[in-house]
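Engineer: Structure below; questions to follow.
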Amino acid sequence: MTADGGAADGALVELDRVSKYYGNVRALEGVSLEVRAGGISCVLGDNGAGKSTLIKIIAGLHRHDAGDFLIEGEKTVLTSPREALDRGIATVYQDLAVVPLMPVWRNFFLGSEPTRGRGPLKRLDVALMRETTRTALLRMGIDLRDVDQPIGTLSGGERQCVAIARAVHFGAKVLVLDEPTAALGVKQSGVVLKYVAAARDAGLGVVLITHNPHHAFLVGDRFVLLKRGTMAGSHTRDSITLDELTRQMAGGSELEELSHELERASTDTA
Amino acid sequence: MTATAPPVPPLDDKPDGQGGDERLLRVSPLRALLGRPELGAVVGALAVFLFFSVVADSFLRASSFGTVLYAASTIGIMAVPVALLMIGGEFDLSAGVMVTSSALVSSMFSYQMTANVWVGVGVSLLVTLALGAFNGVMLTRTKLPSFIITLGTFLMLTGLNLGLTKLISGTVSTKTIADMEGFPSARKLFASQLTLGDVELKVTILWWAALVALATWILLRTRFGNWIFAVGGNAEAARAVGVPVTRTRIGLYMGVAFCAWVAGQHLLFSFDVVQSGEGVGNELIYIIAAVIGGCLITGGYGSAIGSAVGAFIFGMTSKGIVYAEWNPDWFKFFLGAMLLLATLLNAWVRKRAEATR
């Protein structure tokens, strides 16, 4: 089942047969995952496959119930999102990444604002914040019209990109992306994937959660397939083709059955 | 979404990707002005000012100006922290009676202990801050809506104000403390008058101006200000990037409490005795001033200066009706109409300002 379950030297984050239960609900069981610096590990699965649970464990929102969670080789139980951030794991959520009414530069530094002066005159270094936002975004290849505009006026793809650039700027080692392309059009998805690749090239380890095998295959090095809370497959890039990945992702034989059914239905109506 | 998608998307998704600035049209000063949260309130204030200038002859006298500013300041001192709290996404319905509570504690402690009134003032500050902290902690612990929590505090304080005052003083008002030690100096700080030419200005106007300046500084130039906007705009996102959401909320409630203390001490030292039933209903006027001033009722947007303009509209309306020699019963009608108009104008302005092409 696993391609590489053993000692993972150099893995930034490693999950080894991790399980999570909500009462009598088995949300996740025996899932293994490895994230290396400069690599993109994709987690694929349909709705209800356990992708969100997996993210919440890595992001420090939930604790796992069984198995091992290793950060740079060290067994860990994260207790809060803040702790995950401090350990270098930044999570970009699909919907709650930003505060829509705040300007881009305020969003960029939210929670880690630089200040100057001291005592009662301690104040935000606004010029630095604006300038850094602009340059940090530019370095990621994001050319923003105006860092003063409310971030809510950006498109969904641009918002994701700002959130990714923020994680890179603040020195995250591992970037967890929750369905970054789910609500986006084809072109915008391409832009976001470009920044995901840029983050990888900057030396980060990326966990990309998605239900789109095409997007995953464009950038991914490793693929973990989840199905009803268990691991349905784990592959490296050279051990699988896009067609095979799509087939497995879509449920393999189930898909064939479905296509037969649909075919019959269309011939019936014709 | 085809299987043959290009391996890497082209670097520039927009035809003019490398320039950047040419996409950004010059923002006209008018449009920039439209983007300010307090614009609706300023327009409203001008309209009210013109209206009463025409219908009330004595409205434009310099002495009237001092009176209007004083009326505005008593509301404005509380509208500032209430606006900050609203930007942070919460309400405080106990703000009105908390002012009275603060005055009562100060007066009764000094009288019963026969202490210097400054001791009472200090004790009152601690008690009032504790009330604010109670609101904040209850809110963040129980995760109930602030409407319910502070409605509870409002009712409890209303009862305590009356009950304890009757129990201790025997009547519904406090005993006079004008002859006690420290009263003159405390009065100077909280309820004195300055004469500028032929205009009499109450010291509350200075308190008000200082608080507006301080709140504006906090909102726009400090980390805490950034957190206030974030907590009101999207608390979950703020928490996810490490903003101390709980501390920010409790801090905001303690800010309301601090200003309630200032307003309460003014109440005590300008009238010398405090009626324990006072303050009920004022919490809504503070909220109205903040909303007229452009605060979004759902949080995440607004300004301290806007709340000041809102309070100024309140002052002009309440005194303008007197100068126009109308029945003051009309005041509430005006305030309500103003609230509706200003909110509509704000919503419209914000939509225009934030429209993207």
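Identifiers in the structure tokens: chain A, B, ... in order shown; residue index from 1 per chain; ligand index from 1 in order shown.
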Find the residues in chain A near chain B: any atom within 6 Å counts, using only C-alpha atoms. Write them as a PyMOL selection string.
Structural biologist: chain A and resi 82+96-99+111+123-124+145+190+218
Engineer: Using N, CA and C atoms, can you export the residues from the last selection as a CSV table (one decimal), in the first residue's frame?
Structural biologist:
chain,number,residue,atom,x,y,z
A,82,ARG,N,-1.4,28.1,16.1
A,82,ARG,CA,-0.2,29.0,16.4
A,82,ARG,C,1.1,28.1,16.5
A,96,LEU,N,-11.2,30.9,4.3
A,96,LEU,CA,-11.0,31.9,5.4
A,96,LEU,C,-9.5,32.3,5.4
A,97,ALA,N,-8.9,32.5,4.3
A,97,ALA,CA,-7.5,32.9,4.3
A,97,ALA,C,-7.3,34.4,4.6
A,98,VAL,N,-8.3,35.2,4.3
A,98,VAL,CA,-8.1,36.7,4.4
A,98,VAL,C,-9.3,37.4,5.1
A,99,VAL,N,-9.1,38.7,5.4
A,99,VAL,CA,-10.1,39.5,5.9
A,99,VAL,C,-10.5,40.5,4.8
A,111,GLY,N,-1.2,39.6,12.1
A,111,GLY,CA,-0.7,38.7,13.1
A,111,GLY,C,0.8,38.8,13.2
A,123,ARG,N,4.5,52.0,16.8
A,123,ARG,CA,3.5,52.1,15.8
A,123,ARG,C,3.8,51.2,14.6
A,124,LEU,N,2.8,50.9,13.8
A,124,LEU,CA,3.1,50.1,12.6
A,124,LEU,C,4.0,50.8,11.7
A,145,ARG,N,-2.3,45.4,-8.7
A,145,ARG,CA,-2.6,46.8,-9.1
A,145,ARG,C,-2.3,47.8,-8.0
A,190,GLY,N,-4.7,27.8,-13.2
A,190,GLY,CA,-3.3,27.8,-13.8
A,190,GLY,C,-2.4,28.7,-13.1
A,218,LEU,N,-0.2,18.1,-12.7
A,218,LEU,CA,0.6,19.2,-13.3
A,218,LEU,C,1.8,19.5,-12.4
Engineer: Would you please give, as a count of residues only, all residues of range 71-302 of chain B that DSSP assigns to strand (DSSP E) based on the backbone?
Structural biologist: 8
Engineer: Do you have the CA of Gly45 in chain A-CA of Gly152 in chain A distance handy?
Structural biologist: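 So the two atoms, CA of Gly45 in chain A and CA of Gly152 in chain A, lie 29.1 Å apart.
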Engineer: List the spatial neighbours of range 125-135 of chain B as a JSON list (two decimals) with N, CA and C atoms, in the first residue's frame - criterion: any atom at most 6 Å away, only C-alpha atoms, same-chain residues fewer than 6 positions off excluded.
Structural biologist:
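Saved the output as part27.json:
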[["chain", "number", "residue", "atom", "x", "y", "z"],
["B", 102, "SER", "N", -20.66, 53.70, 37.21],
["B", 102, "SER", "CA", -19.34, 54.24, 37.52],
["B", 102, "SER", "C", -19.46, 55.47, 38.42],
["B", 250, "ILE", "N", -11.63, 41.31, 24.64],
["B", 250, "ILE", "CA", -11.70, 41.75, 26.03],
["B", 250, "ILE", "C", -11.16, 43.18, 26.15],
["B", 253, "TYR", "N", -13.81, 45.69, 25.17],
["B", 253, "TYR", "CA", -14.83, 45.91, 26.21],
["B", 253, "TYR", "C", -14.27, 46.74, 27.35],
["B", 254, "MET", "N", -12.99, 46.55, 27.66],
["B", 254, "MET", "CA", -12.40, 47.36, 28.73],
["B", 254, "MET", "C", -12.22, 48.80, 28.27],
["B", 257, "ALA", "N", -15.41, 50.35, 28.97],
["B", 257, "ALA", "CA", -15.52, 50.58, 30.42],
["B", 257, "ALA", "C", -14.73, 51.82, 30.83],
["B", 261, "TRP", "N", -16.19, 55.20, 32.55],
["B", 261, "TRP", "CA", -15.67, 55.79, 33.78],
["B", 261, "TRP", "C", -15.50, 57.30, 33.61]]
Engineer: B:Met138, B:Leu219, B:Ala191, B:Val42: which is nearest Leu206 in chain B, counting only C-alpha atoms?
Structural biologist: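 Residue with the minimum atom-to-atom distance to Leu206 in chain B: B:Ala191.
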Engineer: Rounded to one decimal in Å, what is the spacing between CA of Ile57 in chain A and CA of Val192 in chain A?
Structural biologist: 23.9 Å
Engineer: Would you mind writing down, as a ChimeraX atom specification, each residue of range 15-205 of chain B that DSSP on the backbone assigns to helix (DSSP H, G or I)?
Structural biologist: /B:21-23,29-34,39-55,57-60,62-87,95-113,117-142,146-169,183-191,203-205
Engineer: Kindly export the residues of the current selection with C-alpha atoms, as a compact mmCIF listing (two decimals), in the first residue's frame.
Structural biologist:
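New file part02.txt:
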# COMPACT_ATOMS: atom_id res chain seq x y z
CA ASP B 21 0.89 50.75 -13.00
CA GLU B 22 -0.94 51.39 -16.23
CA ARG B 23 -3.75 49.18 -14.96
CA PRO B 29 -9.73 63.04 -5.11
CA LEU B 30 -13.51 62.82 -5.17
CA ARG B 31 -13.40 59.06 -5.52
CA ALA B 32 -10.81 58.77 -2.78
CA LEU B 33 -13.12 60.83 -0.58
CA LEU B 34 -15.98 58.49 -1.42
CA LEU B 39 -18.28 60.50 4.28
CA GLY B 40 -21.98 59.78 4.79
CA ALA B 41 -21.84 61.27 8.27
CA VAL B 42 -20.05 64.42 7.07
CA VAL B 43 -22.65 64.99 4.37
CA GLY B 44 -25.38 64.40 6.96
CA ALA B 45 -23.73 66.77 9.43
CA LEU B 46 -23.55 69.51 6.79
CA ALA B 47 -27.22 69.00 5.94
CA VAL B 48 -28.26 69.16 9.61
CA PHE B 49 -26.09 72.22 10.14
CA LEU B 50 -27.59 74.06 7.16
CA PHE B 51 -31.09 73.02 8.17
CA PHE B 52 -30.88 74.42 11.68
CA SER B 53 -28.97 77.51 10.50
CA VAL B 54 -32.03 78.36 8.44
CA VAL B 55 -34.83 77.41 10.83
CA ASP B 57 -31.95 82.06 14.39
CA SER B 58 -29.92 81.53 17.55
CA PHE B 59 -28.28 78.35 16.23
CA LEU B 60 -25.40 80.22 14.59
CA ALA B 62 -21.00 81.43 19.15
CA SER B 63 -22.50 80.58 22.55
CA SER B 64 -24.79 78.03 20.91
CA PHE B 65 -21.75 76.41 19.41
CA GLY B 66 -20.35 75.68 22.87
CA THR B 67 -23.66 74.18 23.96
CA VAL B 68 -23.92 71.99 20.87
CA LEU B 69 -20.35 70.78 21.30
CA TYR B 70 -21.00 69.96 24.96
CA ALA B 71 -24.06 67.89 24.08
CA ALA B 72 -22.06 66.17 21.38
CA SER B 73 -19.14 65.47 23.70
CA THR B 74 -21.18 63.69 26.37
CA ILE B 75 -22.34 61.24 23.71
CA GLY B 76 -19.09 61.34 21.75
CA ILE B 77 -16.92 60.19 24.67
CA MET B 78 -18.85 56.92 24.68
CA ALA B 79 -19.42 56.70 20.92
CA VAL B 80 -15.65 56.37 20.38
CA PRO B 81 -15.12 53.05 22.22
CA VAL B 82 -18.53 51.78 21.07
CA ALA B 83 -17.43 52.43 17.47
CA LEU B 84 -14.15 50.56 18.06
CA LEU B 85 -16.11 47.69 19.57
CA MET B 86 -18.47 47.67 16.59
CA ILE B 87 -15.52 47.59 14.17
CA ALA B 95 -22.60 50.98 28.00
CA GLY B 96 -25.35 53.45 28.97
CA VAL B 97 -26.01 52.23 32.51
CA MET B 98 -22.32 51.48 33.05
CA VAL B 99 -21.74 55.27 33.02
CA THR B 100 -24.24 55.63 35.86
CA SER B 101 -22.77 52.66 37.74
CA SER B 102 -19.34 54.24 37.52
CA ALA B 103 -20.61 57.56 38.90
CA LEU B 104 -22.55 55.80 41.68
CA VAL B 105 -19.57 53.72 42.81
CA SER B 106 -17.36 56.78 42.90
CA SER B 107 -19.83 58.89 44.86
CA MET B 108 -21.02 56.26 47.32
CA PHE B 109 -17.58 54.87 48.07
CA SER B 110 -16.23 58.32 48.91
CA TYR B 111 -19.30 59.20 50.99
CA GLN B 112 -19.58 55.94 52.94
CA MET B 113 -15.85 55.71 53.65
CA VAL B 117 -13.12 61.71 46.52
CA TRP B 118 -10.06 60.73 44.48
CA VAL B 119 -10.09 57.41 46.30
CA GLY B 120 -13.66 56.90 45.15
CA VAL B 121 -12.67 57.90 41.62
CA GLY B 122 -9.87 55.32 41.66
CA VAL B 123 -12.09 52.56 43.06
CA SER B 124 -14.69 53.42 40.45
CA LEU B 125 -12.09 53.02 37.69
CA LEU B 126 -11.20 49.54 38.94
CA VAL B 127 -14.85 48.49 39.32
CA THR B 128 -15.82 49.80 35.90
CA LEU B 129 -12.86 48.14 34.19
CA ALA B 130 -13.86 44.91 35.93
CA LEU B 131 -17.38 45.28 34.49
CA GLY B 132 -15.90 45.66 31.01
CA ALA B 133 -13.64 42.67 31.54
CA PHE B 134 -16.68 40.69 32.73
CA ASN B 135 -18.48 41.46 29.46
CA GLY B 136 -15.44 40.50 27.42
CA VAL B 137 -14.65 37.30 29.29
CA MET B 138 -18.29 36.17 29.28
CA LEU B 139 -18.45 36.80 25.53
CA THR B 140 -15.25 34.97 24.66
CA ARG B 141 -15.85 32.09 27.09
CA THR B 142 -19.48 31.34 26.30
CA SER B 146 -22.67 39.92 22.48
CA PHE B 147 -26.25 41.14 22.14
CA ILE B 148 -27.38 38.57 24.73
CA ILE B 149 -24.40 38.87 27.05
CA THR B 150 -24.49 42.64 27.28
CA LEU B 151 -28.29 42.71 27.44
CA GLY B 152 -27.86 40.60 30.56
CA THR B 153 -25.24 42.96 31.98
CA PHE B 154 -27.45 45.92 31.08
CA LEU B 155 -30.39 44.54 33.04
CA MET B 156 -28.28 43.46 35.98
CA LEU B 157 -26.55 46.84 36.21
CA THR B 158 -29.88 48.69 35.94
CA GLY B 159 -31.15 46.64 38.87
CA LEU B 160 -27.95 46.97 40.88
CA ASN B 161 -27.80 50.74 40.37
CA LEU B 162 -31.28 51.22 41.81
CA GLY B 163 -31.17 48.45 44.39
CA LEU B 164 -27.78 49.19 45.90
CA THR B 165 -28.32 52.96 45.90
CA LYS B 166 -31.60 52.57 47.80
CA LEU B 167 -30.02 50.10 50.16
CA ILE B 168 -27.05 52.32 50.95
CA SER B 169 -28.40 55.86 50.64
CA PHE B 183 -13.97 67.49 45.11
CA PRO B 184 -12.73 70.80 43.62
CA SER B 185 -9.71 69.26 41.94
CA ALA B 186 -11.70 66.30 40.61
CA ARG B 187 -14.31 68.70 39.35
CA LYS B 188 -11.58 70.62 37.54
CA LEU B 189 -10.50 67.49 35.71
CA PHE B 190 -13.93 66.10 34.84
CA ALA B 191 -16.41 68.97 34.77
CA VAL B 203 -13.72 70.15 29.56
CA THR B 204 -15.56 67.10 28.24
CA ILE B 205 -14.93 68.51 24.76
Engineer: For Arg17 in chain A, which residue out of A:Gly48, A:Gly38, A:Gly67, A:Gly119 is the nearest one, using only C-alpha atoms?
Structural biologist: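 Nearest candidate to Arg17 in chain A out of A:Gly48, A:Gly38, A:Gly67, A:Gly119: A:Gly67.
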Engineer: Which of these, A:Thr230, A:Ser32, A:Ser112, A:Leu61, has the shortest distance to Asp125 in chain A once you count only C-alpha atoms?
Structural biologist: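 Among A:Thr230, A:Ser32, A:Ser112, A:Leu61, it is A:Ser112 that comes nearest to Asp125 in chain A.
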Engineer: Kindly indicate which residue among A:Arg118, A:Leu54, A:Val104, A:Ala182 lies nearest to Glu158 in chain A, using only C-alpha atoms for the distances.
Structural biologist: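 Looking at the shortest contact to Glu158 in chain A, the residue is A:Val104.
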Engineer: Do you have the CA of Met338 in chain B-CA of Arg61 in chain B distance handy?
Structural biologist: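 Between CA of Met338 in chain B and CA of Arg61 in chain B the gap works out to 23.8 Å.
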